[in-house]
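Undergrad: Pasting my_file.cif below, which is mmCIF, C-alpha atoms.
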data_data
loop_
_atom_site.group_PDB
_atom_site.id
_atom_site.type_symbol
_atom_site.label_atom_id
_atom_site.label_comp_id
_atom_site.auth_asym_id
_atom_site.auth_seq_id
_atom_site.Cartn_x
_atom_site.Cartn_y
_atom_site.Cartn_z
ATOM 1 C CA MET A 420 0.000 0.000 0.000
ATOM 2 C CA SER A 421 1.428 3.373 -1.000
ATOM 3 C CA ASN A 422 1.442 6.434 1.232
ATOM 4 C CA LYS A 423 -1.137 7.992 -1.084
ATOM 5 C CA ASP A 424 -3.622 5.282 -0.127
ATOM 6 C CA GLN A 425 -3.580 6.207 3.555
ATOM 7 C CA ILE A 426 -3.435 9.114 5.960
ATOM 8 C CA THR A 427 -1.710 9.604 9.303
ATOM 9 C CA ILE A 428 -3.636 11.050 12.250
ATOM 10 C CA GLU A 429 -1.904 11.410 15.627
ATOM 11 C CA ASN A 430 0.881 9.088 14.410
ATOM 12 C CA VAL A 431 -1.604 6.380 13.397
ATOM 13 C CA ASN A 432 -1.842 5.290 9.758
ATOM 14 C CA TYR A 433 -5.300 4.716 8.278
ATOM 15 C CA CYS A 434 -6.347 3.219 4.975
ATOM 16 C CA LEU A 435 -9.991 3.683 3.967
ATOM 17 C CA GLU A 436 -11.062 0.438 5.624
ATOM 18 C CA ASP A 437 -9.278 1.357 8.875
ATOM 19 C CA LEU A 438 -10.841 4.790 8.749
ATOM 20 C CA GLU A 439 -14.322 3.329 8.418
ATOM 21 C CA ILE A 440 -13.734 1.086 11.434
ATOM 22 C CA ASP A 441 -12.438 4.045 13.435
ATOM 23 C CA THR A 442 -15.461 6.129 12.404
ATOM 24 C CA TRP A 443 -17.949 3.571 13.680
ATOM 25 C CA GLY A 444 -15.886 3.153 16.834
ATOM 26 C CA ARG A 445 -16.244 6.874 17.465
ATOM 27 C CA LEU A 446 -20.012 6.663 16.944
ATOM 28 C CA VAL A 447 -20.320 3.725 19.346
ATOM 29 C CA THR A 448 -18.307 5.658 21.943
ATOM 30 C CA GLY A 449 -20.418 8.751 21.310
ATOM 31 C CA ALA A 450 -23.582 6.839 22.088
ATOM 32 C CA ALA A 451 -22.123 5.378 25.283
ATOM 33 C CA LYS A 452 -20.460 8.469 26.789
ATOM 34 C CA SER A 453 -22.482 11.607 27.535
ATOM 35 C CA ARG A 454 -19.461 13.942 27.439
ATOM 36 C CA ASN A 455 -18.240 12.694 24.086
ATOM 37 C CA PRO A 456 -18.595 15.252 21.242
ATOM 38 C CA PHE A 457 -20.446 12.706 19.106
ATOM 39 C CA HIS A 458 -23.105 12.231 21.808
ATOM 40 C CA THR A 459 -25.297 15.100 20.583
ATOM 41 C CA PRO A 460 -25.486 15.306 16.784
ATOM 42 C CA CYS A 461 -27.600 17.751 14.821
ATOM 43 C CA VAL A 462 -30.344 15.962 12.875
ATOM 44 C CA SER A 463 -32.225 17.297 9.869
ATOM 45 C CA THR A 464 -35.609 16.316 8.430
ATOM 46 C CA LEU A 465 -37.683 17.560 5.516
ATOM 47 C CA HIS A 466 -41.156 19.076 5.630
ATOM 48 C CA GLU A 467 -42.906 20.622 2.639
ATOM 49 C CA GLY A 468 -39.615 21.476 0.976
ATOM 50 C CA GLU A 469 -38.044 22.990 4.088
ATOM 51 C CA VAL A 470 -35.198 21.588 6.178
ATOM 52 C CA ASN A 471 -35.695 21.413 9.950
ATOM 53 C CA LEU A 472 -32.728 21.017 12.303
ATOM 54 C CA ARG A 473 -32.461 20.021 15.941
ATOM 55 C CA THR A 474 -29.947 18.532 18.360
ATOM 56 C CA VAL A 475 -30.661 15.013 19.611
ATOM 57 C CA VAL A 476 -28.942 12.555 21.938
ATOM 58 C CA LEU A 477 -27.335 9.580 20.242
ATOM 59 C CA ARG A 478 -28.536 6.597 22.246
ATOM 60 C CA LYS A 479 -27.124 3.677 20.275
ATOM 61 C CA ALA A 480 -24.763 3.033 17.383
ATOM 62 C CA LEU A 481 -24.701 -0.416 15.812
ATOM 63 C CA ALA A 482 -21.647 -0.736 13.581
ATOM 64 C CA LYS A 483 -22.476 -4.132 12.064
ATOM 65 C CA GLU A 484 -26.034 -3.088 11.243
ATOM 66 C CA ARG A 485 -24.935 0.442 10.215
ATOM 67 C CA GLU A 486 -27.633 1.909 12.377
ATOM 68 C CA LEU A 487 -27.945 4.898 14.725
ATOM 69 C CA ARG A 488 -30.761 5.491 17.214
ATOM 70 C CA PHE A 489 -32.170 8.401 19.194
ATOM 71 C CA HIS A 490 -35.278 8.822 21.347
ATOM 72 C CA THR A 491 -38.113 11.245 20.750
ATOM 73 C CA ASP A 492 -41.719 12.049 21.609
ATOM 74 C CA ILE A 493 -44.035 10.594 18.962
ATOM 75 C CA ARG A 494 -46.132 13.770 19.223
ATOM 76 C CA SER A 495 -43.194 15.891 18.077
ATOM 77 C CA PRO A 496 -42.978 17.503 14.635
ATOM 78 C CA LYS A 497 -39.859 15.480 13.751
ATOM 79 C CA TRP A 498 -41.814 12.231 14.221
ATOM 80 C CA GLN A 499 -44.606 13.467 11.985
ATOM 81 C CA GLU A 500 -42.127 14.702 9.388
ATOM 82 C CA LEU A 501 -40.295 11.377 9.305
ATOM 83 C CA SER A 502 -43.616 9.557 9.042
ATOM 84 C CA GLN A 503 -44.191 11.413 5.782
ATOM 85 C CA ASN A 504 -40.602 11.497 4.498
ATOM 86 C CA SER A 505 -38.053 9.063 5.923
ATOM 87 C CA SER A 506 -35.020 10.933 4.562
ATOM 88 C CA ILE A 507 -32.792 12.032 7.435
ATOM 89 C CA SER A 508 -29.281 13.425 7.945
ATOM 90 C CA ALA A 509 -27.098 13.763 11.025
ATOM 91 C CA LEU A 510 -24.093 16.018 11.574
ATOM 92 C CA PHE A 511 -21.352 15.163 14.078
ATOM 93 C CA TYR A 512 -18.302 17.274 14.930
ATOM 94 C CA ASP A 513 -15.370 16.717 17.269
ATOM 95 C CA ALA A 514 -13.671 20.093 17.771
ATOM 96 C CA VAL A 515 -10.630 18.568 19.487
ATOM 97 C CA ASP A 516 -9.849 15.932 16.850
ATOM 98 C CA ARG A 517 -11.279 18.197 14.116
ATOM 99 C CA ILE A 518 -13.357 15.405 12.601
ATOM 100 C CA GLN A 519 -16.746 15.996 11.006
ATOM 101 C CA LEU A 520 -19.220 13.319 9.928
ATOM 102 C CA ARG A 521 -22.186 13.921 7.657
ATOM 103 C CA VAL A 522 -24.472 10.923 7.850
ATOM 104 C CA LYS A 523 -27.348 10.311 5.445
ATOM 105 C CA GLY A 524 -29.943 7.598 5.715
ATOM 106 C CA LYS A 525 -33.557 6.526 6.014
ATOM 107 C CA ALA A 526 -35.478 6.641 9.283
ATOM 108 C CA VAL A 527 -37.328 3.668 10.709
ATOM 109 C CA LEU A 528 -39.784 4.607 13.461
ATOM 110 C CA HIS A 529 -40.246 2.370 16.492
ATOM 111 C CA GLN A 530 -43.232 2.616 18.834
ATOM 112 C CA THR A 531 -44.490 0.130 21.430
ATOM 113 C CA ASN A 532 -42.345 -2.747 20.214
ATOM 114 C CA GLU A 533 -39.476 -4.790 21.652
ATOM 115 C CA ILE A 534 -36.918 -2.108 20.836
ATOM 116 C CA THR A 535 -38.812 0.681 22.597
ATOM 117 C CA ALA A 536 -39.779 -1.555 25.523
ATOM 118 C CA GLU A 537 -36.155 -2.463 26.215
ATOM 119 C CA ALA A 538 -34.981 1.142 25.912
ATOM 120 C CA TRP A 539 -37.809 2.455 28.090
ATOM 121 C CA GLN A 540 -36.878 0.111 30.941
ATOM 122 C CA LYS A 541 -33.363 1.610 30.888
ATOM 123 C CA THR A 542 -34.617 5.209 30.736
ATOM 124 C CA THR A 543 -34.048 7.175 33.948
ATOM 125 C CA LEU A 544 -36.774 9.013 35.830
ATOM 126 C CA SER A 545 -35.327 12.386 34.829
ATOM 127 C CA SER A 546 -35.469 11.386 31.155
ATOM 128 C CA ARG A 547 -38.940 9.897 31.391
ATOM 129 C CA CYS A 548 -40.400 13.215 32.484
ATOM 130 C CA CYS A 549 -39.821 14.507 28.933
ATOM 131 C CA TYR A 550 -42.691 12.290 27.795
ATOM 132 C CA LEU A 551 -45.116 13.364 30.519
ATOM 133 C CA THR A 552 -46.165 16.769 29.196
ATOM 134 C CA GLU A 553 -49.900 17.273 28.826
ATOM 135 C CA HIS A 554 -49.510 18.984 25.467
ATOM 136 C CA SER A 555 -47.343 17.875 22.563
ATOM 137 C CA PRO A 556 -43.865 19.328 21.933
ATOM 138 C CA SER A 557 -43.894 22.572 19.904
ATOM 139 C CA SER A 558 -47.381 23.501 21.154
ATOM 140 C CA PHE A 559 -47.761 27.256 21.635
ATOM 141 C CA SER A 560 -48.067 28.575 25.183
ATOM 142 C CA ALA A 561 -49.065 31.910 26.713
ATOM 143 C CA ILE A 562 -46.329 31.554 29.348
ATOM 144 C CA SER A 563 -42.786 30.252 29.621
ATOM 145 C CA THR A 564 -43.199 26.641 30.718
ATOM 146 C CA SER A 565 -41.680 23.178 30.576
ATOM 147 C CA GLY A 566 -45.145 21.789 29.993
ATOM 148 C CA LEU A 567 -44.750 19.674 33.125
ATOM 149 C CA SER A 568 -46.539 19.879 36.457
ATOM 150 C CA GLU A 569 -44.516 21.187 39.403
ATOM 151 C CA ASP A 570 -44.283 17.716 40.950
ATOM 152 C CA ILE A 571 -42.844 16.241 37.781
ATOM 153 C CA GLU A 572 -40.434 19.164 37.362
ATOM 154 C CA GLN A 573 -39.111 18.460 40.868
ATOM 155 C CA GLU A 574 -39.033 14.723 40.096
ATOM 156 C CA ASN A 575 -41.535 14.229 42.901
ATOM 157 C CA PHE A 576 -43.154 11.218 41.287
ATOM 158 C CA THR A 577 -42.551 7.488 41.201
ATOM 159 C CA LEU A 578 -41.184 5.258 38.495
ATOM 160 C CA ALA A 579 -44.588 3.566 38.338
ATOM 161 C CA ALA A 580 -46.286 6.921 37.781
ATOM 162 C CA SER A 581 -43.936 7.627 34.892
ATOM 163 C CA GLU A 582 -45.136 4.573 32.962
ATOM 164 C CA SER A 583 -47.870 6.661 31.347
ATOM 165 C CA GLY A 584 -45.136 8.398 29.358
ATOM 166 C CA TYR A 585 -44.384 5.205 27.448
ATOM 167 C CA SER A 586 -47.322 5.841 25.128
ATOM 168 C CA ASN A 587 -45.513 8.998 23.921
ATOM 169 C CA PHE A 588 -42.087 7.361 23.682
ATOM 170 C CA GLY A 589 -40.560 6.549 20.306
ATOM 171 C CA ILE A 590 -37.204 5.631 18.829
ATOM 172 C CA VAL A 591 -35.894 6.863 15.506
ATOM 173 C CA SER A 592 -33.505 4.431 13.873
ATOM 174 C CA ILE A 593 -31.296 5.799 11.110
ATOM 175 C CA ARG A 594 -30.405 3.137 8.568
ATOM 176 C CA VAL A 595 -27.176 4.713 7.364
ATOM 177 C CA GLN A 596 -26.780 4.957 3.599
ATOM 178 C CA SER A 597 -23.558 6.978 3.561
ATOM 179 C CA ILE A 598 -21.021 8.747 5.746
ATOM 180 C CA ASP A 599 -19.050 11.752 4.509
ATOM 181 C CA TRP A 600 -15.904 11.950 6.695
ATOM 182 C CA LEU A 601 -13.820 15.137 6.933
ATOM 183 C CA TRP A 602 -10.596 15.828 8.844
ATOM 184 C CA LEU A 603 -9.581 19.466 9.181
ATOM 185 C CA ASN A 604 -5.804 19.850 9.119
ATOM 186 C CA HIS A 605 -3.618 22.957 8.687
ATOM 187 C CA ALA A 606 -1.362 21.060 6.261
ATOM 188 C CA GLY A 607 -4.305 20.104 4.078
ATOM 189 C CA HIS A 608 -7.754 18.734 4.879
ATOM 190 C CA ARG A 609 -8.636 15.123 4.083
ATOM 191 C CA ARG A 610 -12.010 13.700 3.150
ATOM 192 C CA ALA A 611 -13.452 10.229 2.604
ATOM 193 C CA PHE A 612 -16.833 8.837 1.620
ATOM 194 C CA PHE A 613 -18.370 5.549 2.732
ATOM 195 C CA ASP A 614 -21.205 4.621 0.358
ATOM 196 C CA TYR A 615 -23.215 1.739 1.763
ATOM 197 C CA GLU A 616 -25.712 1.667 -1.072
ATOM 198 C CA LYS A 617 -22.998 1.068 -3.655
ATOM 199 C CA GLY A 618 -20.649 -0.731 -1.278
ATOM 200 C CA VAL A 619 -17.748 1.573 -2.147
ATOM 201 C CA ASN A 620 -15.306 3.591 -0.039
ATOM 202 C CA SER A 621 -13.587 6.541 -1.736
ATOM 203 C CA TRP A 622 -11.291 9.465 -1.072
ATOM 204 C CA LEU A 623 -12.749 12.886 -1.914
ATOM 205 C CA ILE A 624 -11.289 16.320 -2.492
ATOM 206 C CA PRO A 625 -12.162 18.325 0.674
#
Could you rewrite the structure in this file as structure tokens?

TA:
Amino acid sequence: MSNKDQITIENVNYCLEDLEIDTWGRLVTGAAKSRNPFHTPCVSTLHEGEVNLRTVVLRKALAKERELRFHTDIRSPKWQELSQNSSISALFYDAVDRIQLRVKGKAVLHQTNEITAEAWQKTTLSSRCCYLTEHSPSSFSAISTSGLSEDIEQENFTLAASESGYSNFGIVSIRVQSIDWLWLNHAGHRRAFFDYEKGVNSWLIP
């Protein structure tokens, strides 16, 4: 393998295949560690020709399945948008390592199935309260409010009482179709593309 077929980052040499493995390793770590820069990607959906962006929490990354998951309220606009158009993109950026990932894929929505049931059982009380609002996310309000009762805001409720939130709980699974990888470097940026639809990995001009 020639030097032109690989890059060196922090004294480690990567060919395209190594880089893909490293990329998924970073995503798996991002899902597992709350302080990791890949833990909170920006996700975009489409609605009537307009792009909507929001930050989500990456809950799971499955390298073998090429799948990413995040939780959401099924009453939210993003859920409705993905119900109508499954196209979805996610943007990750690590400012320390200067690595950006642009992920494109199709969303699969999970509600009241084995996947949501397992995730819900692992969801903490503080996270469950997000699904206990009386009105749906993005509803207009005459006052500044969390949408929660005072007891729920103070976490003055039991785990059993939080079970009612499960009916609003959903998981968005991104079936990854491609990853556009970018490394910002003062000596010259580097870019790679992992195309899972065509089964091809390629270098790109940054």

Undergrad: Considering only C-alpha atoms, state which residue in the set A:Leu435, A:Ser592, A:Trp602, A:Pro625 is at the smallest distance from Glu484 (chain A).

TA: A:Ser592

Undergrad: Determine the residue membership of the PyMOL selection byres ((chain A and resi 426) around 12) for the file above and supply it as a PDB file with C-alpha atoms, keeping the file's coordinate frame.

TA:
ATOM      1  CA  MET A 420       0.000   0.000   0.000  1.00  0.00           C
ATOM      2  CA  SER A 421       1.428   3.373  -1.000  1.00  0.00           C
ATOM      3  CA  ASN A 422       1.442   6.434   1.232  1.00  0.00           C
ATOM      4  CA  LYS A 423      -1.137   7.992  -1.084  1.00  0.00           C
ATOM      5  CA  ASP A 424      -3.622   5.282  -0.127  1.00  0.00           C
ATOM      6  CA  GLN A 425      -3.580   6.207   3.555  1.00  0.00           C
ATOM      7  CA  THR A 427      -1.710   9.604   9.303  1.00  0.00           C
ATOM      8  CA  ILE A 428      -3.636  11.050  12.250  1.00  0.00           C
ATOM      9  CA  GLU A 429      -1.904  11.410  15.627  1.00  0.00           C
ATOM     10  CA  ASN A 430       0.881   9.088  14.410  1.00  0.00           C
ATOM     11  CA  VAL A 431      -1.604   6.380  13.397  1.00  0.00           C
ATOM     12  CA  ASN A 432      -1.842   5.290   9.758  1.00  0.00           C
ATOM     13  CA  TYR A 433      -5.300   4.716   8.278  1.00  0.00           C
ATOM     14  CA  CYS A 434      -6.347   3.219   4.975  1.00  0.00           C
ATOM     15  CA  LEU A 435      -9.991   3.683   3.967  1.00  0.00           C
ATOM     16  CA  GLU A 436     -11.062   0.438   5.624  1.00  0.00           C
ATOM     17  CA  ASP A 437      -9.278   1.357   8.875  1.00  0.00           C
ATOM     18  CA  LEU A 438     -10.841   4.790   8.749  1.00  0.00           C
ATOM     19  CA  TRP A 602     -10.596  15.828   8.844  1.00  0.00           C
ATOM     20  CA  ASN A 604      -5.804  19.850   9.119  1.00  0.00           C
ATOM     21  CA  GLY A 607      -4.305  20.104   4.078  1.00  0.00           C
ATOM     22  CA  HIS A 608      -7.754  18.734   4.879  1.00  0.00           C
ATOM     23  CA  ARG A 609      -8.636  15.123   4.083  1.00  0.00           C
ATOM     24  CA  ARG A 610     -12.010  13.700   3.150  1.00  0.00           C
ATOM     25  CA  ALA A 611     -13.452  10.229   2.604  1.00  0.00           C
ATOM     26  CA  TRP A 622     -11.291   9.465  -1.072  1.00  0.00           C
TER      27      TRP A 622
END

Undergrad: Nearest residue to His554 (chain A) out of A:Thr542, A:Ile493, A:Ile590, A:Phe612, using only C-alpha atoms?

TA: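 Of the candidates, the smallest distance to His554 (chain A) is held by A:Ile493.
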
Undergrad: Hey, can you check how far CA of Leu477 (chain A) sits from CA of His458 (chain A)?

TA: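 Taking CA of Leu477 (chain A) as the start and CA of His458 (chain A) as the end point, the length is 5.2 Å.
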
Undergrad: Exactly which residues make up the result of the PyMOL selection byres ((chain A and resi 517) around 10) on this file, given as an MDAnalysis selection string?

TA: chainID A and resid 512:516 518:519 601:604 608

Undergrad: Can you spell out as a ChimeraX atom specification the set of residues that the PyMOL selection byres ((chain A and resi 470) around 12) selects in the structure I just provided?

TA: /A:462-469,471-473,497,500-501,504,506-508

Undergrad: Put the listed atoms of region 505-512 of chain A in a box along x, y and z with 4 Å added on every side and give me the centre and edge lengths in Å to one decimal, as AutoDock Vina command-line options.

TA:
--center_x -28.2 --center_y 13.2 --center_z 9.7 --size_x 27.8 --size_y 16.2 --size_z 18.4

Undergrad: Find, counting all atoms listed in the file, the residue in A:Leu481, A:Leu623, A:Val476, A:Ala526 that gets nearest to Val447 (chain A).

TA: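 Looking only at the distances to Val447 (chain A), the closest residue turns out to be A:Leu481.
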
Undergrad: Could you check how far CA of Cys549 (chain A) sits from CA of His490 (chain A), in Å to one decimal?

TA: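 These two atoms are separated by 10.5 Å.
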
Undergrad: Rank A:Ser502, A:Ser555, A:Ser453, A:Thr543 by their smallest atom-to-atom distance to Lys479 (chain A), using all atoms listed in the file, and report the top residue only.

TA: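 Closest residue, counting all atoms listed in the file: A:Ser453.
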
Undergrad: Which is closer to His529 (chain A) than all the others in A:Asn587, A:Asn575, A:Ser557, A:Thr552, using only C-alpha atoms?

TA: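 Between A:Asn587, A:Asn575, A:Ser557, A:Thr552, the residue approaching His529 (chain A) most closely is A:Asn587.
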
Undergrad: Which is closer to Asp492 (chain A) than all the others in A:Ala579, A:Leu528, A:Ala509, A:Cys461, using only C-alpha atoms?

TA: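 Of all the options, A:Leu528 lies closest to Asp492 (chain A).
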
Undergrad: Mind filling out region 560-571 of chain A with all heavy atoms and sending it as an mmCIF file, in the coordinates of the input?

TA:
data_model
loop_
_atom_site.group_PDB
_atom_site.id
_atom_site.type_symbol
_atom_site.label_atom_id
_atom_site.label_comp_id
_atom_site.auth_asym_id
_atom_site.auth_seq_id
_atom_site.Cartn_x
_atom_site.Cartn_y
_atom_site.Cartn_z
ATOM 1 N N SER A 560 -47.673 28.348 23.801
ATOM 2 C CA SER A 560 -48.067 28.575 25.183
ATOM 3 C C SER A 560 -48.071 30.070 25.473
ATOM 4 O O SER A 560 -47.245 30.819 24.931
ATOM 5 C CB SER A 560 -47.099 27.861 26.133
ATOM 6 O OG SER A 560 -47.354 28.204 27.476
ATOM 7 N N ALA A 561 -48.987 30.498 26.351
ATOM 8 C CA ALA A 561 -49.065 31.910 26.713
ATOM 9 C C ALA A 561 -47.992 32.290 27.725
ATOM 10 O O ALA A 561 -47.719 33.476 27.937
ATOM 11 C CB ALA A 561 -50.441 32.217 27.291
ATOM 12 N N ILE A 562 -47.360 31.293 28.340
ATOM 13 C CA ILE A 562 -46.329 31.554 29.348
ATOM 14 C C ILE A 562 -45.096 30.695 29.066
ATOM 15 O O ILE A 562 -45.164 29.726 28.309
ATOM 16 C CB ILE A 562 -46.843 31.254 30.776
ATOM 17 C CG1 ILE A 562 -47.242 29.771 30.883
ATOM 18 C CG2 ILE A 562 -48.006 32.162 31.132
ATOM 19 C CD1 ILE A 562 -47.579 29.326 32.281
ATOM 20 N N SER A 563 -43.993 31.069 29.696
ATOM 21 C CA SER A 563 -42.786 30.252 29.621
ATOM 22 C C SER A 563 -42.967 29.030 30.516
ATOM 23 O O SER A 563 -43.192 29.165 31.725
ATOM 24 C CB SER A 563 -41.574 31.069 30.094
ATOM 25 O OG SER A 563 -40.435 30.253 30.199
ATOM 26 N N THR A 564 -42.909 27.843 29.938
ATOM 27 C CA THR A 564 -43.199 26.641 30.718
ATOM 28 C C THR A 564 -42.495 25.424 30.141
ATOM 29 O O THR A 564 -42.197 25.372 28.943
ATOM 30 C CB THR A 564 -44.723 26.374 30.751
ATOM 31 O OG1 THR A 564 -44.973 25.148 31.453
ATOM 32 C CG2 THR A 564 -45.285 26.264 29.338
ATOM 33 N N SER A 565 -42.236 24.462 31.016
ATOM 34 C CA SER A 565 -41.680 23.178 30.576
ATOM 35 C C SER A 565 -42.783 22.273 30.043
ATOM 36 O O SER A 565 -42.499 21.260 29.396
ATOM 37 C CB SER A 565 -40.977 22.479 31.742
ATOM 38 O OG SER A 565 -41.936 22.099 32.725
ATOM 39 N N GLY A 566 -44.028 22.646 30.362
ATOM 40 C CA GLY A 566 -45.145 21.789 29.993
ATOM 41 C C GLY A 566 -45.428 20.709 31.023
ATOM 42 O O GLY A 566 -46.365 19.929 30.876
ATOM 43 N N LEU A 567 -44.609 20.683 32.077
ATOM 44 C CA LEU A 567 -44.750 19.674 33.125
ATOM 45 C C LEU A 567 -45.383 20.270 34.369
ATOM 46 O O LEU A 567 -45.274 21.473 34.624
ATOM 47 C CB LEU A 567 -43.379 19.096 33.489
ATOM 48 C CG LEU A 567 -42.590 18.399 32.379
ATOM 49 C CD1 LEU A 567 -41.154 18.152 32.837
ATOM 50 C CD2 LEU A 567 -43.260 17.089 31.974
ATOM 51 N N SER A 568 -46.029 19.425 35.172
ATOM 52 C CA SER A 568 -46.539 19.879 36.457
ATOM 53 C C SER A 568 -45.369 20.125 37.391
ATOM 54 O O SER A 568 -44.239 19.650 37.146
ATOM 55 C CB SER A 568 -47.461 18.815 37.061
ATOM 56 O OG SER A 568 -46.708 17.663 37.428
ATOM 57 N N GLU A 569 -45.593 20.863 38.471
ATOM 58 C CA GLU A 569 -44.516 21.187 39.403
ATOM 59 C C GLU A 569 -43.926 19.927 40.026
ATOM 60 O O GLU A 569 -42.714 19.816 40.206
ATOM 61 C CB GLU A 569 -45.027 22.119 40.510
ATOM 62 C CG GLU A 569 -43.931 22.599 41.443
ATOM 63 C CD GLU A 569 -44.428 23.613 42.455
ATOM 64 O OE1 GLU A 569 -45.566 24.121 42.285
ATOM 65 O OE2 GLU A 569 -43.690 23.906 43.416
ATOM 66 N N ASP A 570 -44.772 18.963 40.357
ATOM 67 C CA ASP A 570 -44.283 17.716 40.950
ATOM 68 C C ASP A 570 -43.331 16.986 40.009
ATOM 69 O O ASP A 570 -42.286 16.479 40.432
ATOM 70 C CB ASP A 570 -45.456 16.797 41.312
ATOM 71 C CG ASP A 570 -46.173 17.230 42.587
ATOM 72 O OD1 ASP A 570 -45.580 18.038 43.339
ATOM 73 O OD2 ASP A 570 -47.296 16.767 42.828
ATOM 74 N N ILE A 571 -43.696 16.939 38.750
ATOM 75 C CA ILE A 571 -42.844 16.241 37.781
ATOM 76 C C ILE A 571 -41.551 17.014 37.561
ATOM 77 O O ILE A 571 -40.473 16.427 37.463
ATOM 78 C CB ILE A 571 -43.596 16.030 36.453
ATOM 79 C CG1 ILE A 571 -44.778 15.072 36.668
ATOM 80 C CG2 ILE A 571 -42.664 15.477 35.377
ATOM 81 C CD1 ILE A 571 -45.633 14.865 35.439
#
